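Trainee: Have a look at this one.
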Amino acid sequence: MTDDKVSENTFDIEALRAGEKGEFTRLVEAYSGSIYRLALKMLQDSQDAEDVLQETFIKVLNKISTFRGASNISTWIYRIATNEALMLLRRRKLPIYSADESFQIQDNDEQPKELEDWCCLPEKELMNSESRAYLDESIKALPYSLRIVFLLRDIEGFSTRQTAEILDITETAVKTRLSRGRMRLRELLSVYYGKQLKKLD
Amino acid sequence: MDNENKCAYLLDYLSDYVDGSLNESLCEEIERHIVECEDCRIFVDTLKKTIYLYHTKEKGSATVPNDVRKRLYKRLKLEEFLNDSSESKGNM
Ligand SMILES: [Zn+2]
C-alpha cells in the first residue's frame, strides 16, 4: 500500500516559516487526503471531518515557527490533527460505542469466541459492497482509544514509534491497544463472514 | 502448561507476531503451537486476513472531495493554487 503510506516527504521548513504559500500548498496537498480520511473515520461525520481538516492546517500555519524539526513533520501534523479530532469528540460528547447493539463487545472479555475459518471465502464475498460497509461499521464499534491507534497503524501506516509520538503514549501502550483493536475487529468480522461461509455450504 | 493455558498465553503476542515484530524464540513457540492447535491457527489466519482486508479496502481512499478541498484552500487563503490540481489529488 505504498500509495497510501504516509510518505516521509521533505519540506523546506524555512520556506514554511517564512510563509511561502507554494511550499505550504505542497504540504496541504501531501497530507490533506489522509488527514480527512482519519478524521472521517474517527468522527463519522463529514462536516466534523472537514472542521478537523481546516483547523489542523490553520494550526499548522500558526505554529510552524514552533516546529523544531526534532520529530518528523508528518508526526507533528498528525499530532495536531488527532488532538483536534479528540477535542471535537469531547465537545460532541458522542457515545463511545456504536448505537447498534450487534456491534458491541464486552469490555473485559478478550477471549476469542468466533473461530470460523473464513479466510478461504472468495475475494468477491470478502470485498463486495455489503462487506465493505460492514468493515466500516466495525471500526465504529471500537472505543476511541483503540480506534485511533488502529487507524494510525493499520490504515495510515505509521510505525509503532511514530504512533506513540503522535498520541504521546508509550510504544507498549500502542502495541496493547492495537492488539485489542485488531482482535475486536477480527471477532466482528468472524461473526459476519462466518455467516457468509454457512450460506455458501 | 496445558494447551488451553498455552493458547491464552500466546494470544497476547499474536498481534506482534503478525507484524513480524516479535522476538525469535516466541515466534518459534507460536509456529510450533499452531501446527498442533487448530483454533490458534485459525485465529492467526483470520487476524492476518482482517488486517489485509482493511489495507485493501482503504488503499487509495485518501482523497479530499473537491468541494471540501475548495473550502479548505479558501480558508487557508490559497485560492491562487487551486487550479494546480483540480482533479482532487488528495491521494499521496
Ligand atoms: Zn492454541
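Ordered as shown in the C-alpha cells, chains take letters A, B, and onward, while each chain numbers its residues from 1 and ligands are numbered from 1 in the order shown.
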Excluding Leu53 (chain B) and any residue of its chain fewer than 2 positions from it, enumerate the residues within 12 Å of it, using only C-alpha atoms, and give them as a VMD selection string.

Mentor: (chain A and resid 1 119 123 to 128 131 to 132 134 to 136 154 to 155 182 185 to 186 189) or (chain B and resid 46 to 51 55 to 59)

Trainee: Around ligand 1, at most 9 Å away and counting only C-alpha atoms and all ligand atoms, which residues are there? Put them as JSON, numbers by chain, please.

Mentor: {"B": [3, 4, 5, 6, 7, 8, 10, 11, 30, 33, 34, 36, 37, 38, 39, 40, 41, 43]}

Trainee: Using only C-alpha atoms, find each residue of chain A with at least one atom at most 7 Å away from an atom of chain B; report its shortest atom-to-atom pair and that distance in Å (one decimal), sort the rows by chain and rising residue number, and return the result as CSV.

Mentor:
residue,atom,partner,partner_atom,distance
A:Met1,CA,B:Lys59,CA,6.2
A:Asp3,CA,B:Met92,CA,5.9
A:Asp4,CA,B:Gly60,CA,5.9
A:Glu29,CA,B:Gly90,CA,5.9
A:Ala30,CA,B:Met92,CA,5.9
A:Ser32,CA,B:Gly90,CA,6.1
A:Gly33,CA,B:Gly90,CA,4.3
A:Ser34,CA,B:Ala62,CA,4.7
A:Tyr36,CA,B:Val64,CA,6.5
A:Arg37,CA,B:Ala62,CA,5.8
A:Glu50,CA,B:Val68,CA,6.8
A:Gln54,CA,B:Leu72,CA,5.8
A:Ile58,CA,B:Leu76,CA,6.8
A:Leu115,CA,B:Asp39,CA,6.4
A:Asp117,CA,B:Ile42,CA,5.7
A:Cys119,CA,B:Thr46,CA,6.1
A:Asp154,CA,B:His55,CA,6.9
A:Ile155,CA,B:His55,CA,6.2
A:Ser179,CA,B:Ser15,CA,5.2
A:Arg186,CA,B:Leu47,CA,5.7

Trainee: Taking N, CA and C atoms for each residue, export the selection above as a PDB file, in the first residue's frame.

Mentor:
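Below is the file that was written, again_27.pdb:
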ATOM      1  N   MET A   1       0.826  -1.202   0.000  1.00  0.00           N
ATOM      2  CA  MET A   1       0.000   0.000   0.000  1.00  0.00           C
ATOM      3  C   MET A   1       0.864   1.257   0.000  1.00  0.00           C
ATOM      4  N   ASP A   3       1.045   3.626  -2.021  1.00  0.00           N
ATOM      5  CA  ASP A   3       0.388   4.873  -2.418  1.00  0.00           C
ATOM      6  C   ASP A   3      -0.366   5.522  -1.261  1.00  0.00           C
ATOM      7  N   ASP A   4      -0.631   4.725  -0.244  1.00  0.00           N
ATOM      8  CA  ASP A   4      -1.375   5.244   0.890  1.00  0.00           C
ATOM      9  C   ASP A   4      -0.492   5.575   2.073  1.00  0.00           C
ATOM     10  N   GLU A  29      -1.326  19.602   0.126  1.00  0.00           N
ATOM     11  CA  GLU A  29      -1.610  18.550  -0.858  1.00  0.00           C
ATOM     12  C   GLU A  29      -1.143  17.176  -0.369  1.00  0.00           C
ATOM     13  N   ALA A  30      -0.009  17.170   0.301  1.00  0.00           N
ATOM     14  CA  ALA A  30       0.572  15.892   0.729  1.00  0.00           C
ATOM     15  C   ALA A  30      -0.231  15.239   1.851  1.00  0.00           C
ATOM     16  N   SER A  32      -3.536  16.451   3.242  1.00  0.00           N
ATOM     17  CA  SER A  32      -4.971  16.684   3.455  1.00  0.00           C
ATOM     18  C   SER A  32      -5.815  15.432   3.218  1.00  0.00           C
ATOM     19  N   GLY A  33      -5.445  14.639   2.237  1.00  0.00           N
ATOM     20  CA  GLY A  33      -6.237  13.438   1.937  1.00  0.00           C
ATOM     21  C   GLY A  33      -6.277  12.466   3.095  1.00  0.00           C
ATOM     22  N   SER A  34      -5.121  12.164   3.644  1.00  0.00           N
ATOM     23  CA  SER A  34      -5.101  11.164   4.713  1.00  0.00           C
ATOM     24  C   SER A  34      -5.623  11.728   6.034  1.00  0.00           C
ATOM     25  N   TYR A  36      -8.046  13.974   6.231  1.00  0.00           N
ATOM     26  CA  TYR A  36      -9.509  13.978   6.077  1.00  0.00           C
ATOM     27  C   TYR A  36     -10.072  12.572   6.315  1.00  0.00           C
ATOM     28  N   ARG A  37      -9.423  11.577   5.754  1.00  0.00           N
ATOM     29  CA  ARG A  37      -9.872  10.188   5.943  1.00  0.00           C
ATOM     30  C   ARG A  37      -9.826   9.791   7.422  1.00  0.00           C
ATOM     31  N   GLU A  50     -14.431  17.797   8.066  1.00  0.00           N
ATOM     32  CA  GLU A  50     -13.979  18.999   7.370  1.00  0.00           C
ATOM     33  C   GLU A  50     -13.470  20.052   8.363  1.00  0.00           C
ATOM     34  N   GLN A  54      -9.693  21.621   8.408  1.00  0.00           N
ATOM     35  CA  GLN A  54      -9.386  23.054   8.333  1.00  0.00           C
ATOM     36  C   GLN A  54      -8.622  23.538   9.556  1.00  0.00           C
ATOM     37  N   ILE A  58      -4.893  25.324   9.817  1.00  0.00           N
ATOM     38  CA  ILE A  58      -4.790  26.663  10.417  1.00  0.00           C
ATOM     39  C   ILE A  58      -3.750  26.620  11.539  1.00  0.00           C
ATOM     40  N   LEU A 115     -14.387 -18.790  15.964  1.00  0.00           N
ATOM     41  CA  LEU A 115     -13.235 -19.427  15.332  1.00  0.00           C
ATOM     42  C   LEU A 115     -13.621 -20.158  14.055  1.00  0.00           C
ATOM     43  N   ASP A 117     -13.142 -20.549  10.167  1.00  0.00           N
ATOM     44  CA  ASP A 117     -12.051 -20.268   9.239  1.00  0.00           C
ATOM     45  C   ASP A 117     -12.624 -19.720   7.931  1.00  0.00           C
ATOM     46  N   CYS A 119     -11.156 -17.521   5.989  1.00  0.00           N
ATOM     47  CA  CYS A 119     -10.118 -16.971   5.115  1.00  0.00           C
ATOM     48  C   CYS A 119     -10.270 -17.392   3.662  1.00  0.00           C
ATOM     49  N   ASP A 154      -2.738   0.760  11.167  1.00  0.00           N
ATOM     50  CA  ASP A 154      -3.130  -0.168  10.102  1.00  0.00           C
ATOM     51  C   ASP A 154      -3.754   0.502   8.888  1.00  0.00           C
ATOM     52  N   ILE A 155      -4.238   1.712   9.028  1.00  0.00           N
ATOM     53  CA  ILE A 155      -4.784   2.396   7.856  1.00  0.00           C
ATOM     54  C   ILE A 155      -3.775   3.415   7.326  1.00  0.00           C
ATOM     55  N   SER A 179      -3.357  -4.341  19.485  1.00  0.00           N
ATOM     56  CA  SER A 179      -3.717  -5.752  19.613  1.00  0.00           C
ATOM     57  C   SER A 179      -5.193  -5.901  19.976  1.00  0.00           C
ATOM     58  N   ARG A 186     -11.366  -8.544  14.394  1.00  0.00           N
ATOM     59  CA  ARG A 186     -11.347  -9.942  13.931  1.00  0.00           C
ATOM     60  C   ARG A 186     -12.592 -10.675  14.404  1.00  0.00           C
TER      61      ARG A 186
END

Trainee: Residues near Ala85 (chain A), anyone? I mean within 9 Å using only C-alpha atoms, not counting same-chain ones fewer than 3 positions away, as a compact mmCIF listing (two decimals) with N, CA, C and O atoms, in the first residue's frame.

Mentor:
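Output saved as part-v2.txt:
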# COMPACT_ATOMS: atom_id res chain seq x y z
N LEU A 38 -8.73 10.13 8.08
CA LEU A 38 -8.60 9.80 9.50
C LEU A 38 -9.71 10.46 10.32
O LEU A 38 -10.36 9.83 11.16
N ALA A 39 -9.97 11.74 10.04
CA ALA A 39 -11.00 12.47 10.77
C ALA A 39 -12.38 11.89 10.50
O ALA A 39 -13.21 11.75 11.40
N MET A 42 -12.69 8.69 12.41
CA MET A 42 -12.78 8.93 13.85
C MET A 42 -14.15 9.48 14.22
O MET A 42 -14.77 9.06 15.18
N LEU A 43 -14.62 10.46 13.45
CA LEU A 43 -15.80 11.23 13.84
C LEU A 43 -17.09 10.77 13.16
O LEU A 43 -18.18 11.10 13.62
N ASP A 48 -17.88 17.38 10.51
CA ASP A 48 -16.88 17.36 11.57
C ASP A 48 -15.49 17.10 11.01
O ASP A 48 -14.50 17.71 11.42
N ALA A 49 -15.42 16.18 10.05
CA ALA A 49 -14.13 15.85 9.45
C ALA A 49 -13.55 17.06 8.72
O ALA A 49 -12.36 17.34 8.79
N ASP A 51 -14.17 20.18 9.49
CA ASP A 51 -13.72 21.11 10.53
C ASP A 51 -12.32 20.74 11.03
O ASP A 51 -11.46 21.60 11.19
N VAL A 52 -12.14 19.45 11.29
CA VAL A 52 -10.83 18.99 11.76
C VAL A 52 -9.75 19.30 10.72
O VAL A 52 -8.67 19.79 11.05
N ILE A 80 -1.27 17.27 15.73
CA ILE A 80 -2.24 18.37 15.74
C ILE A 80 -3.61 17.85 15.31
O ILE A 80 -4.64 18.13 15.95
N ALA A 81 -3.64 17.07 14.25
CA ALA A 81 -4.92 16.57 13.71
C ALA A 81 -5.65 15.65 14.71
O ALA A 81 -6.86 15.79 14.90
N THR A 82 -4.91 14.75 15.35
CA THR A 82 -5.59 13.84 16.29
C THR A 82 -6.08 14.62 17.52
O THR A 82 -7.15 14.32 18.05
N LEU A 88 -12.86 17.61 19.38
CA LEU A 88 -14.21 17.69 18.82
C LEU A 88 -15.11 16.58 19.35
O LEU A 88 -16.29 16.80 19.65
N LEU A 89 -14.54 15.40 19.49
CA LEU A 89 -15.30 14.28 20.04
C LEU A 89 -15.76 14.58 21.46
O LEU A 89 -16.89 14.29 21.84
N ARG A 90 -14.87 15.16 22.24
CA ARG A 90 -15.22 15.51 23.61
C ARG A 90 -16.33 16.55 23.64
O ARG A 90 -17.26 16.47 24.43

Trainee: Please indicate the distance in Å from CA of Pro112 (chain A) to CA of Met183 (chain A), rounded to one decimal place.

Mentor: 7.9 Å
